[in-house]
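With mmCIF, C-alpha atoms inside, this is run_26.cif:
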```cif
data_coords
loop_
_atom_site.label_atom_id
_atom_site.label_comp_id
_atom_site.auth_asym_id
_atom_site.auth_seq_id
_atom_site.Cartn_x
_atom_site.Cartn_y
_atom_site.Cartn_z
CA MET P 101 9.27 79.04 -64.86
CA GLU P 102 9.15 82.74 -64.04
CA SER P 103 11.11 83.69 -60.94
CA ASP P 104 8.27 85.98 -59.87
CA LEU P 105 4.66 86.37 -60.93
CA THR P 106 2.07 89.10 -60.75
CA PRO P 107 -0.95 88.19 -58.59
CA GLN P 108 -2.98 87.58 -61.77
CA GLN P 109 -0.26 85.31 -63.20
CA ALA P 110 0.04 83.49 -59.88
CA LEU P 111 -3.70 82.83 -59.77
CA ALA P 112 -3.69 81.61 -63.36
CA ALA P 113 -0.70 79.34 -62.65
CA ALA P 114 -2.45 77.98 -59.55
CA GLU P 115 -5.62 77.30 -61.52
CA ARG P 116 -3.72 75.50 -64.30
CA ALA P 117 -1.73 73.42 -61.83
CA GLY P 118 -4.83 72.64 -59.77
CA ALA P 119 -6.54 71.29 -62.89
CA ALA P 120 -3.60 69.01 -63.74
CA PRO P 121 -4.78 65.99 -61.70
CA TYR P 122 -8.07 66.14 -63.65
CA VAL P 123 -6.85 66.81 -67.17
CA ASP P 124 -3.56 64.92 -67.22
CA TYR P 125 -4.25 61.21 -66.91
CA PRO P 126 -3.18 58.02 -68.67
CA PRO P 127 -5.41 56.50 -71.38
CA THR P 128 -8.15 54.27 -70.03
CA PRO P 129 -7.52 50.69 -71.21
CA ALA P 130 -10.16 49.22 -73.56
CA TRP P 131 -10.85 46.29 -71.21
CA TYR P 132 -11.99 48.63 -68.44
CA PHE P 133 -15.47 49.26 -69.89
CA PRO P 134 -16.59 45.62 -70.42
CA ALA P 135 -14.86 44.56 -67.20
CA VAL P 136 -16.97 46.95 -65.14
CA GLY P 137 -20.01 45.87 -67.17
CA VAL P 138 -19.33 42.22 -66.30
CA TRP P 139 -18.83 43.13 -62.63
CA ALA P 140 -22.15 45.02 -62.48
CA ALA P 141 -23.96 42.22 -64.32
CA ALA P 142 -22.52 39.66 -61.90
CA MET P 143 -23.78 41.76 -58.98
CA VAL P 144 -27.31 41.88 -60.47
CA LEU P 145 -27.23 38.15 -61.14
CA ALA P 146 -25.96 37.37 -57.62
CA VAL P 147 -28.64 39.49 -55.95
CA GLY P 148 -31.37 38.11 -58.23
CA GLU P 149 -30.46 34.43 -58.15
CA LEU P 150 -28.50 33.78 -54.97
CA ALA P 151 -29.95 36.07 -52.30
CA ASP P 152 -32.00 33.24 -50.82
CA ARG P 153 -28.93 30.97 -50.58
CA PRO P 154 -26.63 32.74 -48.09
CA LEU P 155 -23.95 30.02 -48.14
CA VAL P 156 -23.33 30.83 -51.80
CA PHE P 157 -24.48 34.44 -51.86
CA VAL P 158 -22.14 35.77 -49.15
CA PRO P 159 -18.92 34.30 -50.66
CA VAL P 160 -19.94 35.61 -54.10
CA LEU P 161 -20.56 39.09 -52.66
CA ILE P 162 -17.20 38.98 -50.88
CA ALA P 163 -15.50 37.90 -54.11
CA LEU P 164 -17.13 40.79 -55.98
CA ALA P 165 -16.10 43.23 -53.25
CA VAL P 166 -12.51 41.92 -53.34
CA ALA P 167 -12.46 42.23 -57.14
CA GLU P 168 -13.61 45.84 -56.81
CA GLY P 169 -10.95 46.54 -54.18
CA VAL P 170 -8.22 45.02 -56.36
CA PHE P 171 -9.40 47.11 -59.31
CA ILE P 172 -9.48 50.35 -57.30
CA GLY P 173 -5.98 49.64 -55.97
CA TRP P 174 -4.69 48.99 -59.47
CA TYR P 175 -6.35 52.12 -60.85
CA ARG P 176 -4.87 54.35 -58.15
CA ARG P 177 -1.39 53.03 -58.98
CA TYR P 178 -2.05 53.36 -62.73
CA ARG P 179 -3.37 56.91 -62.56
CA VAL P 180 -0.68 57.95 -60.02
CA THR P 181 -2.20 61.34 -59.21
CA MET P 182 -5.82 60.82 -58.22
CA PRO P 183 -8.03 63.93 -58.14
CA SER P 184 -9.34 64.77 -54.68
CA MET P 185 -12.65 66.23 -55.95
CA ARG P 186 -11.54 69.67 -54.79
CA HIS P 187 -11.01 72.51 -57.26
CA VAL P 188 -12.79 70.58 -60.01
CA PRO P 189 -12.60 72.51 -63.32
CA ARG P 190 -16.13 73.58 -64.25
CA GLU P 191 -16.09 71.69 -67.57
CA ILE P 192 -15.29 68.45 -65.76
CA ALA P 193 -17.78 69.18 -62.97
CA ARG P 194 -20.49 69.30 -65.65
CA ALA P 195 -19.35 65.92 -67.04
CA MET P 196 -19.41 64.46 -63.50
CA VAL P 197 -22.96 65.72 -62.90
CA GLY P 198 -23.95 64.11 -66.20
CA PHE P 199 -22.40 60.86 -64.99
CA GLY P 200 -24.42 61.00 -61.78
CA VAL P 201 -27.67 61.61 -63.67
CA GLY P 202 -26.81 58.82 -66.12
CA ALA P 203 -26.04 56.41 -63.28
CA VAL P 204 -29.43 57.08 -61.66
CA ILE P 205 -31.19 56.49 -65.00
CA VAL P 206 -29.29 53.20 -65.53
CA ILE P 207 -30.19 52.01 -62.01
CA VAL P 208 -33.87 52.85 -62.53
CA VAL P 209 -33.90 51.07 -65.91
CA ILE P 210 -32.22 47.97 -64.44
CA ALA P 211 -34.67 47.91 -61.51
CA GLY P 212 -37.51 48.11 -64.04
CA VAL P 213 -36.08 45.25 -66.08
CA VAL P 214 -35.62 43.13 -62.94
CA ALA P 215 -39.25 43.74 -61.97
CA ALA P 216 -40.61 43.05 -65.46
CA THR P 217 -38.45 40.08 -66.53
CA ASN P 218 -35.83 37.96 -64.75
CA SER P 219 -32.30 38.24 -63.39
CA PHE P 220 -30.62 36.86 -66.51
CA ILE P 221 -32.20 39.41 -68.83
CA ALA P 222 -31.52 42.13 -66.21
CA ALA P 223 -27.86 41.06 -66.04
CA ALA P 224 -27.56 41.27 -69.83
CA VAL P 225 -29.16 44.73 -69.84
CA THR P 226 -26.86 45.76 -66.97
CA PHE P 227 -23.77 44.67 -68.90
CA LEU P 228 -24.82 46.62 -72.00
CA ALA P 229 -26.00 49.73 -70.12
CA VAL P 230 -22.96 49.96 -67.82
CA THR P 231 -20.44 49.28 -70.60
CA ALA P 232 -22.06 51.77 -72.98
CA GLY P 233 -22.59 54.33 -70.21
CA LEU P 234 -18.94 54.22 -69.20
CA ILE P 235 -17.80 54.59 -72.83
CA VAL P 236 -20.02 57.67 -73.22
CA TYR P 237 -18.76 59.13 -69.92
CA GLU P 238 -15.13 58.51 -70.89
CA HIS P 239 -15.69 60.39 -74.15
CA ARG P 240 -17.44 63.28 -72.38
CA TYR P 241 -14.77 63.47 -69.69
CA ALA P 242 -12.00 63.58 -72.30
CA THR P 243 -13.83 66.35 -74.19
CA ALA P 244 -14.29 68.30 -70.94
CA ALA P 245 -10.62 67.82 -70.01
CA ARG P 246 -9.54 69.18 -73.41
CA ALA P 247 -11.89 72.16 -73.04
CA ALA P 248 -10.56 72.91 -69.54
CA SER P 249 -6.95 72.69 -70.75
CA GLU P 250 -7.66 75.02 -73.66
CA ARG P 251 -9.44 77.56 -71.44
CA MET P 252 -6.50 77.70 -69.05
CA ALA P 253 -3.74 77.63 -71.68
CA MET A 150 -6.85 89.96 -46.88
CA SER A 151 -3.85 91.91 -48.11
CA ILE A 152 -0.31 91.50 -49.35
CA GLU A 153 0.79 90.72 -45.77
CA ASP A 154 -1.39 87.60 -45.88
CA LEU A 155 0.62 86.10 -48.74
CA ASP A 156 2.53 83.05 -47.55
CA PRO A 157 6.25 83.53 -48.35
CA ILE A 158 6.76 79.77 -48.61
CA ILE A 159 3.94 79.23 -51.11
CA HIS A 160 4.55 82.52 -52.94
CA ALA A 161 7.55 81.08 -54.80
CA PRO A 162 6.12 80.09 -58.24
CA LYS A 163 7.43 76.51 -58.22
CA ARG A 164 6.05 75.84 -54.77
CA LEU A 165 2.75 77.50 -55.72
CA VAL A 166 2.41 75.01 -58.60
CA VAL A 167 3.28 72.07 -56.33
CA MET A 168 0.79 73.16 -53.68
CA SER A 169 -1.93 73.71 -56.31
CA ILE A 170 -1.45 70.18 -57.65
CA LEU A 171 -1.41 68.64 -54.19
CA ALA A 172 -4.45 70.68 -53.08
CA SER A 173 -6.54 69.09 -55.82
CA SER A 174 -5.18 65.54 -55.63
CA VAL A 175 -5.25 62.75 -53.09
CA SER A 176 -1.49 62.51 -53.49
CA SER A 177 1.03 62.94 -56.27
CA ASP A 178 4.37 61.44 -57.10
CA PHE A 179 7.76 62.86 -57.96
CA ALA A 180 7.42 62.19 -61.72
CA PHE A 181 4.06 63.96 -62.03
CA LEU A 182 5.36 67.04 -60.21
CA ARG A 183 8.54 67.06 -62.30
CA GLN A 184 6.49 66.88 -65.51
CA HIS A 185 4.41 69.91 -64.52
CA LEU A 186 7.23 71.98 -63.07
CA GLU A 187 9.69 71.19 -65.88
CA VAL A 188 12.67 71.44 -63.54
CA SER A 189 15.47 69.11 -62.50
CA ASP A 190 15.10 66.34 -59.91
CA SER A 191 17.39 68.20 -57.52
CA ASP A 192 15.31 71.37 -57.82
CA ILE A 193 12.10 69.48 -57.04
CA SER A 194 13.76 67.81 -54.08
CA LYS A 195 14.82 71.25 -52.82
CA GLN A 196 11.31 72.70 -53.18
CA MET A 197 9.70 69.69 -51.52
CA ALA A 198 12.17 69.86 -48.64
CA VAL A 199 11.10 73.47 -48.00
CA LEU A 200 7.41 72.50 -48.02
CA ASP A 201 8.10 69.47 -45.83
CA LYS A 202 10.03 71.56 -43.32
CA ALA A 203 7.11 74.02 -43.17
CA GLY A 204 4.76 71.11 -42.42
CA TYR A 205 2.80 71.74 -45.62
CA VAL A 206 3.34 68.32 -47.21
CA SER A 207 3.93 64.80 -46.02
CA ILE A 208 6.25 62.41 -47.83
CA ILE A 209 5.34 58.77 -48.39
CA LYS A 210 8.07 56.45 -49.67
CA SER A 211 7.30 52.94 -50.86
CA GLY A 212 9.38 50.19 -52.43
CA ARG A 213 13.14 49.93 -52.66
CA GLY A 214 15.77 50.44 -55.35
CA ARG A 215 14.68 51.20 -58.91
CA GLY A 216 11.03 50.44 -58.19
CA SER A 217 10.78 52.85 -55.28
CA VAL A 218 8.16 55.58 -55.44
CA THR A 219 8.03 58.85 -53.53
CA ARG A 220 4.59 60.36 -53.10
CA TYR A 221 3.56 63.66 -51.59
CA ARG A 222 0.36 64.61 -49.85
CA ILE A 223 -0.79 68.03 -48.68
CA THR A 224 -1.25 68.30 -44.91
CA ARG A 225 -4.12 70.03 -43.13
CA ALA A 226 -1.79 72.94 -42.28
CA GLY A 227 -0.64 73.03 -45.89
CA ARG A 228 -4.19 73.17 -47.21
CA ALA A 229 -5.12 75.96 -44.80
CA ALA A 230 -2.00 77.95 -45.77
CA PHE A 231 -2.68 77.38 -49.48
CA GLU A 232 -6.28 78.52 -49.20
CA ARG A 233 -5.24 81.63 -47.24
CA HIS A 234 -2.63 82.39 -49.90
CA ILE A 235 -5.12 82.04 -52.76
CA ALA A 236 -7.64 84.18 -50.86
CA ALA A 237 -4.98 86.86 -50.38
CA LEU A 238 -4.04 86.78 -54.08
CA SER A 239 -7.72 86.98 -55.05
CA SER A 240 -8.22 89.87 -52.70
CA ILE A 241 -5.31 91.75 -54.23
CA VAL A 242 -6.68 91.36 -57.75
CA GLY A 243 -10.23 92.02 -56.57
CA LYS A 244 -11.72 88.64 -57.40
CA PRO A 245 -13.65 86.36 -55.07
CA ALA A 246 -11.58 83.35 -54.04
CA VAL A 247 -13.11 79.95 -54.56
CA THR A 248 -10.70 77.54 -52.99
CA ASP A 249 -12.92 74.51 -52.68
CA GLY A 250 -15.98 72.97 -54.24
CA ALA A 251 -17.05 72.32 -57.80
CA GLN A 252 -15.58 75.45 -59.34
CA PRO A 253 -11.97 76.31 -60.06
CA MET A 254 -10.09 79.20 -58.60
CA PRO A 255 -10.80 82.51 -60.40
#
```
What does this structure look like when you write it as structure tokens?
Amino acid sequence: MESDLTPQQALAAAERAGAAPYVDYPPTPAWYFPAVGVWAAAMVLAVGELADRPLVFVPVLIALAVAEGVFIGWYRRYRVTMPSMRHVPREIARAMVGFGVGAVIVIVVIAGVVAATNSFIAAAVTFLAVTAGLIVYEHRYATAARAASERMA
Amino acid sequence: MSIEDLDPIIHAPKRLVVMSILASSVSSDFAFLRQHLEVSDSDISKQMAVLDKAGYVSIIKSGRGRGSVTRYRITRAGRAAFERHIAALSSIVGKPAVTDGAQPMP
């Protein structure tokens, strides 16, 4: 590394380094996508079928919350350097906005399916939509990360 | 903002890289910093000791022996100093500094 940098070089180095937590991450395991799909489907099923039976519903909700907590803990250890959502490279910010829009669409679709059919069909749709949505987001995030790395190279 | 506003501790290129990584992460570990700095373990330790002494980073150690992990987190004072430093650099080159939010620095 240079022993001294011009202000322009220093700013470029700071930008590259600041992007590192976003663009340098371990591969997402293949089980992650269906696992989150199963979790979301279980949540829809629990709310749809068990909400009127609190003695069963509450322990199921707690179990789902614990499972989520265990997963988040594992992912933080796996990823090591978690982005803080500050200094987000613009390419990745666009992918994140797309994720937010996609999530709203999926929630609206699932709510529509719940209203029009039953919890079991809604759970199946949830599994498919969440799994597919996460696969699409993963692909878009990876593309954005590559684009950000290339821009700053 | 001018050249006098540059922080002498952060101005060193290796420490600038470390502070940039920590400013955009929840925390980072020794291995990640080493990978991005491409320097020896002892050099990283030296740089981190300077930042720690300045109160710019906090050190979190977990585990024992071979499985132990050392993590670093930017402090509030460190973030403020980093943002002032980036603003001063941006001012020198005549660019607006964006040190937070959904856009990268210049």
Counting all atoms listed in the file, which residues of chain P fall within 8 Å of chain A, and what is the closest atom pair for each with its distance in Å at one decimal, ordered by chain and rising number, as a tab-separated table?
```
residue	atom	partner	partner_atom	distance
P:Met101	CA	A:Lys163	CA	7.3
P:Glu102	CA	A:Pro162	CA	7.1
P:Ser103	CA	A:Pro162	CA	6.7
P:Asp104	CA	A:Pro162	CA	6.5
P:Leu105	CA	A:Pro162	CA	7.0
P:Pro107	CA	A:Leu238	CA	5.6
P:Gln108	CA	A:Val242	CA	6.6
P:Ala110	CA	A:Pro162	CA	7.2
P:Leu111	CA	A:Leu238	CA	6.9
P:Ala112	CA	A:Pro255	CA	7.8
P:Ala113	CA	A:Val166	CA	6.7
P:Ala114	CA	A:Ser169	CA	5.4
P:Glu115	CA	A:Met254	CA	5.7
P:Ala117	CA	A:Ile170	CA	5.3
P:Gly118	CA	A:Ser169	CA	4.6
P:Ala119	CA	A:Ile170	CA	7.4
P:Ala120	CA	A:Ile170	CA	6.6
P:Pro121	CA	A:Ser174	CA	6.1
P:Val180	CA	A:Ser177	CA	6.5
P:Thr181	CA	A:Ser177	CA	4.7
P:Met182	CA	A:Ser174	CA	5.4
P:Pro183	CA	A:Ser174	CA	4.1
P:Ser184	CA	A:Ser174	CA	4.3
P:Met185	CA	A:Ser173	CA	6.7
P:Arg186	CA	A:Ser173	CA	5.1
P:His187	CA	A:Pro253	CA	4.8
P:Val188	CA	A:Ala251	CA	5.1
P:Pro189	CA	A:Pro253	CA	5.0
P:Arg190	CA	A:Gln252	CA	5.3
P:Ala193	CA	A:Ala251	CA	6.1
```
Output of the above residues as a tab-separated table (two decimals), in the coordinates of the input, restricted to C-alpha atoms:
```tsv
chain	number	residue	atom	x	y	z
P	101	MET	CA	9.27	79.04	-64.86
P	102	GLU	CA	9.15	82.74	-64.04
P	103	SER	CA	11.11	83.69	-60.94
P	104	ASP	CA	8.27	85.98	-59.87
P	105	LEU	CA	4.66	86.37	-60.93
P	107	PRO	CA	-0.95	88.19	-58.59
P	108	GLN	CA	-2.98	87.58	-61.77
P	110	ALA	CA	0.04	83.49	-59.88
P	111	LEU	CA	-3.70	82.83	-59.77
P	112	ALA	CA	-3.69	81.61	-63.36
P	113	ALA	CA	-0.70	79.34	-62.65
P	114	ALA	CA	-2.45	77.98	-59.55
P	115	GLU	CA	-5.62	77.30	-61.52
P	117	ALA	CA	-1.73	73.42	-61.83
P	118	GLY	CA	-4.83	72.64	-59.77
P	119	ALA	CA	-6.54	71.29	-62.89
P	120	ALA	CA	-3.60	69.01	-63.74
P	121	PRO	CA	-4.78	65.99	-61.70
P	180	VAL	CA	-0.68	57.95	-60.02
P	181	THR	CA	-2.20	61.34	-59.21
P	182	MET	CA	-5.82	60.82	-58.22
P	183	PRO	CA	-8.03	63.93	-58.14
P	184	SER	CA	-9.34	64.77	-54.68
P	185	MET	CA	-12.65	66.23	-55.95
P	186	ARG	CA	-11.54	69.67	-54.79
P	187	HIS	CA	-11.01	72.51	-57.26
P	188	VAL	CA	-12.79	70.58	-60.01
P	189	PRO	CA	-12.60	72.51	-63.32
P	190	ARG	CA	-16.13	73.58	-64.25
P	193	ALA	CA	-17.78	69.18	-62.97
```
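Separating CA of Val214 in chain P from CA of Ile172 in chain P is a distance of 27.7 Å.
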Given the PyMOL selection byres ((chain A and resi 202-213) around 8) and the file above, list the residues it selects as a count of residues only.
22
Selection: 12 Å around Val209 in chain P, only C-alpha atoms, excl. self and same-chain fewer than 2 positions, as number ranges by chain:
P: 202-207, 211-217, 222-223, 225-226, 228-230
Translate the PyMOL selection byres ((chain P and resi 245) around 8), as applied to the file shown, into an explicit residue set as a PDB file with C-alpha atoms, in the coordinates of the input.
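Final output, saved to result.pdb:
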```pdb
ATOM      1  CA  TYR P 122      -8.070  66.140 -63.650  1.00  0.00           C
ATOM      2  CA  VAL P 123      -6.850  66.810 -67.170  1.00  0.00           C
ATOM      3  CA  GLU P 191     -16.090  71.690 -67.570  1.00  0.00           C
ATOM      4  CA  ILE P 192     -15.290  68.450 -65.760  1.00  0.00           C
ATOM      5  CA  TYR P 241     -14.770  63.470 -69.690  1.00  0.00           C
ATOM      6  CA  ALA P 242     -12.000  63.580 -72.300  1.00  0.00           C
ATOM      7  CA  THR P 243     -13.830  66.350 -74.190  1.00  0.00           C
ATOM      8  CA  ALA P 244     -14.290  68.300 -70.940  1.00  0.00           C
ATOM      9  CA  ARG P 246      -9.540  69.180 -73.410  1.00  0.00           C
ATOM     10  CA  ALA P 247     -11.890  72.160 -73.040  1.00  0.00           C
ATOM     11  CA  ALA P 248     -10.560  72.910 -69.540  1.00  0.00           C
ATOM     12  CA  SER P 249      -6.950  72.690 -70.750  1.00  0.00           C
TER      13      SER P 249
END
```
Any chance you could turn range 211-233 of chain A into a file with N, CA, C and O atoms, as a CSV table (one decimal), in the first residue's frame?
```csv
chain,number,residue,atom,x,y,z
A,211,SER,N,-13.5,-12.8,21.5
A,211,SER,CA,-14.3,-13.9,22.0
A,211,SER,C,-13.6,-15.2,21.8
A,211,SER,O,-12.8,-15.3,20.9
A,212,GLY,N,-13.9,-16.2,22.6
A,212,GLY,CA,-13.3,-17.5,22.4
A,212,GLY,C,-11.9,-17.5,23.0
A,212,GLY,O,-11.4,-16.5,23.4
A,213,ARG,N,-11.3,-18.7,23.0
A,213,ARG,CA,-10.0,-18.9,23.6
A,213,ARG,C,-9.2,-19.8,22.6
A,213,ARG,O,-9.8,-20.6,21.9
A,214,GLY,N,-7.9,-19.7,22.7
A,214,GLY,CA,-7.0,-20.5,21.9
A,214,GLY,C,-7.1,-20.4,20.4
A,214,GLY,O,-7.4,-19.2,19.9
A,215,ARG,N,-7.1,-21.5,19.7
A,215,ARG,CA,-7.1,-21.4,18.2
A,215,ARG,C,-8.5,-20.9,17.7
A,215,ARG,O,-8.5,-20.3,16.6
A,216,GLY,N,-9.5,-21.1,18.4
A,216,GLY,CA,-10.8,-20.6,17.9
A,216,GLY,C,-11.2,-19.2,18.3
A,216,GLY,O,-12.3,-18.7,18.1
A,217,SER,N,-10.2,-18.5,18.9
A,217,SER,CA,-10.6,-17.1,19.4
A,217,SER,C,-10.7,-16.2,18.2
A,217,SER,O,-10.1,-16.4,17.1
A,218,VAL,N,-11.6,-15.2,18.3
A,218,VAL,CA,-11.8,-14.2,17.3
A,218,VAL,C,-11.7,-12.8,17.8
A,218,VAL,O,-12.2,-12.6,18.9
A,219,THR,N,-11.0,-12.0,17.1
A,219,THR,CA,-10.9,-10.6,17.5
A,219,THR,C,-11.7,-9.7,16.5
A,219,THR,O,-11.4,-9.8,15.3
A,220,ARG,N,-12.6,-9.0,17.0
A,220,ARG,CA,-13.5,-8.2,16.2
A,220,ARG,C,-13.3,-6.7,16.5
A,220,ARG,O,-12.9,-6.4,17.7
A,221,TYR,N,-13.5,-5.8,15.6
A,221,TYR,CA,-13.3,-4.4,15.8
A,221,TYR,C,-14.6,-3.7,15.4
A,221,TYR,O,-15.2,-4.1,14.4
A,222,ARG,N,-14.9,-2.7,16.1
A,222,ARG,CA,-16.1,-1.9,15.8
A,222,ARG,C,-15.7,-0.4,15.9
A,222,ARG,O,-14.9,0.0,16.8
A,223,ILE,N,-16.2,0.4,15.0
A,223,ILE,CA,-15.9,1.8,15.1
A,223,ILE,C,-16.7,2.5,16.2
A,223,ILE,O,-17.8,2.1,16.5
A,224,THR,N,-16.1,3.4,16.9
A,224,THR,CA,-16.8,4.1,18.0
A,224,THR,C,-17.5,5.3,17.5
A,224,THR,O,-17.3,5.7,16.4
A,225,ARG,N,-18.3,5.9,18.3
A,225,ARG,CA,-19.0,7.2,17.9
A,225,ARG,C,-17.9,8.3,17.6
A,225,ARG,O,-18.0,9.0,16.6
A,226,ALA,N,-16.9,8.4,18.5
A,226,ALA,CA,-15.8,9.3,18.2
A,226,ALA,C,-15.1,9.0,16.9
A,226,ALA,O,-14.7,9.9,16.1
A,227,GLY,N,-14.9,7.7,16.7
A,227,GLY,CA,-14.2,7.3,15.5
A,227,GLY,C,-15.0,7.7,14.2
A,227,GLY,O,-14.5,8.1,13.2
A,228,ARG,N,-16.3,7.4,14.3
A,228,ARG,CA,-17.2,7.7,13.1
A,228,ARG,C,-17.2,9.3,12.9
A,228,ARG,O,-17.0,9.7,11.7
A,229,ALA,N,-17.3,10.0,13.9
A,229,ALA,CA,-17.3,11.5,13.7
A,229,ALA,C,-15.9,11.9,13.1
A,229,ALA,O,-15.9,12.8,12.2
A,230,ALA,N,-14.8,11.4,13.6
A,230,ALA,CA,-13.5,11.8,13.1
A,230,ALA,C,-13.4,11.3,11.7
A,230,ALA,O,-12.8,12.1,10.8
A,231,PHE,N,-13.9,10.2,11.3
A,231,PHE,CA,-13.8,9.7,10.0
A,231,PHE,C,-14.6,10.6,9.0
A,231,PHE,O,-14.1,10.9,7.9
A,232,GLU,N,-15.8,10.9,9.4
A,232,GLU,CA,-16.6,11.7,8.6
A,232,GLU,C,-16.0,13.1,8.4
A,232,GLU,O,-16.1,13.7,7.3
A,233,ARG,N,-15.4,13.7,9.4
A,233,ARG,CA,-14.7,15.0,9.3
A,233,ARG,C,-13.6,14.8,8.3
A,233,ARG,O,-13.3,15.7,7.5
```
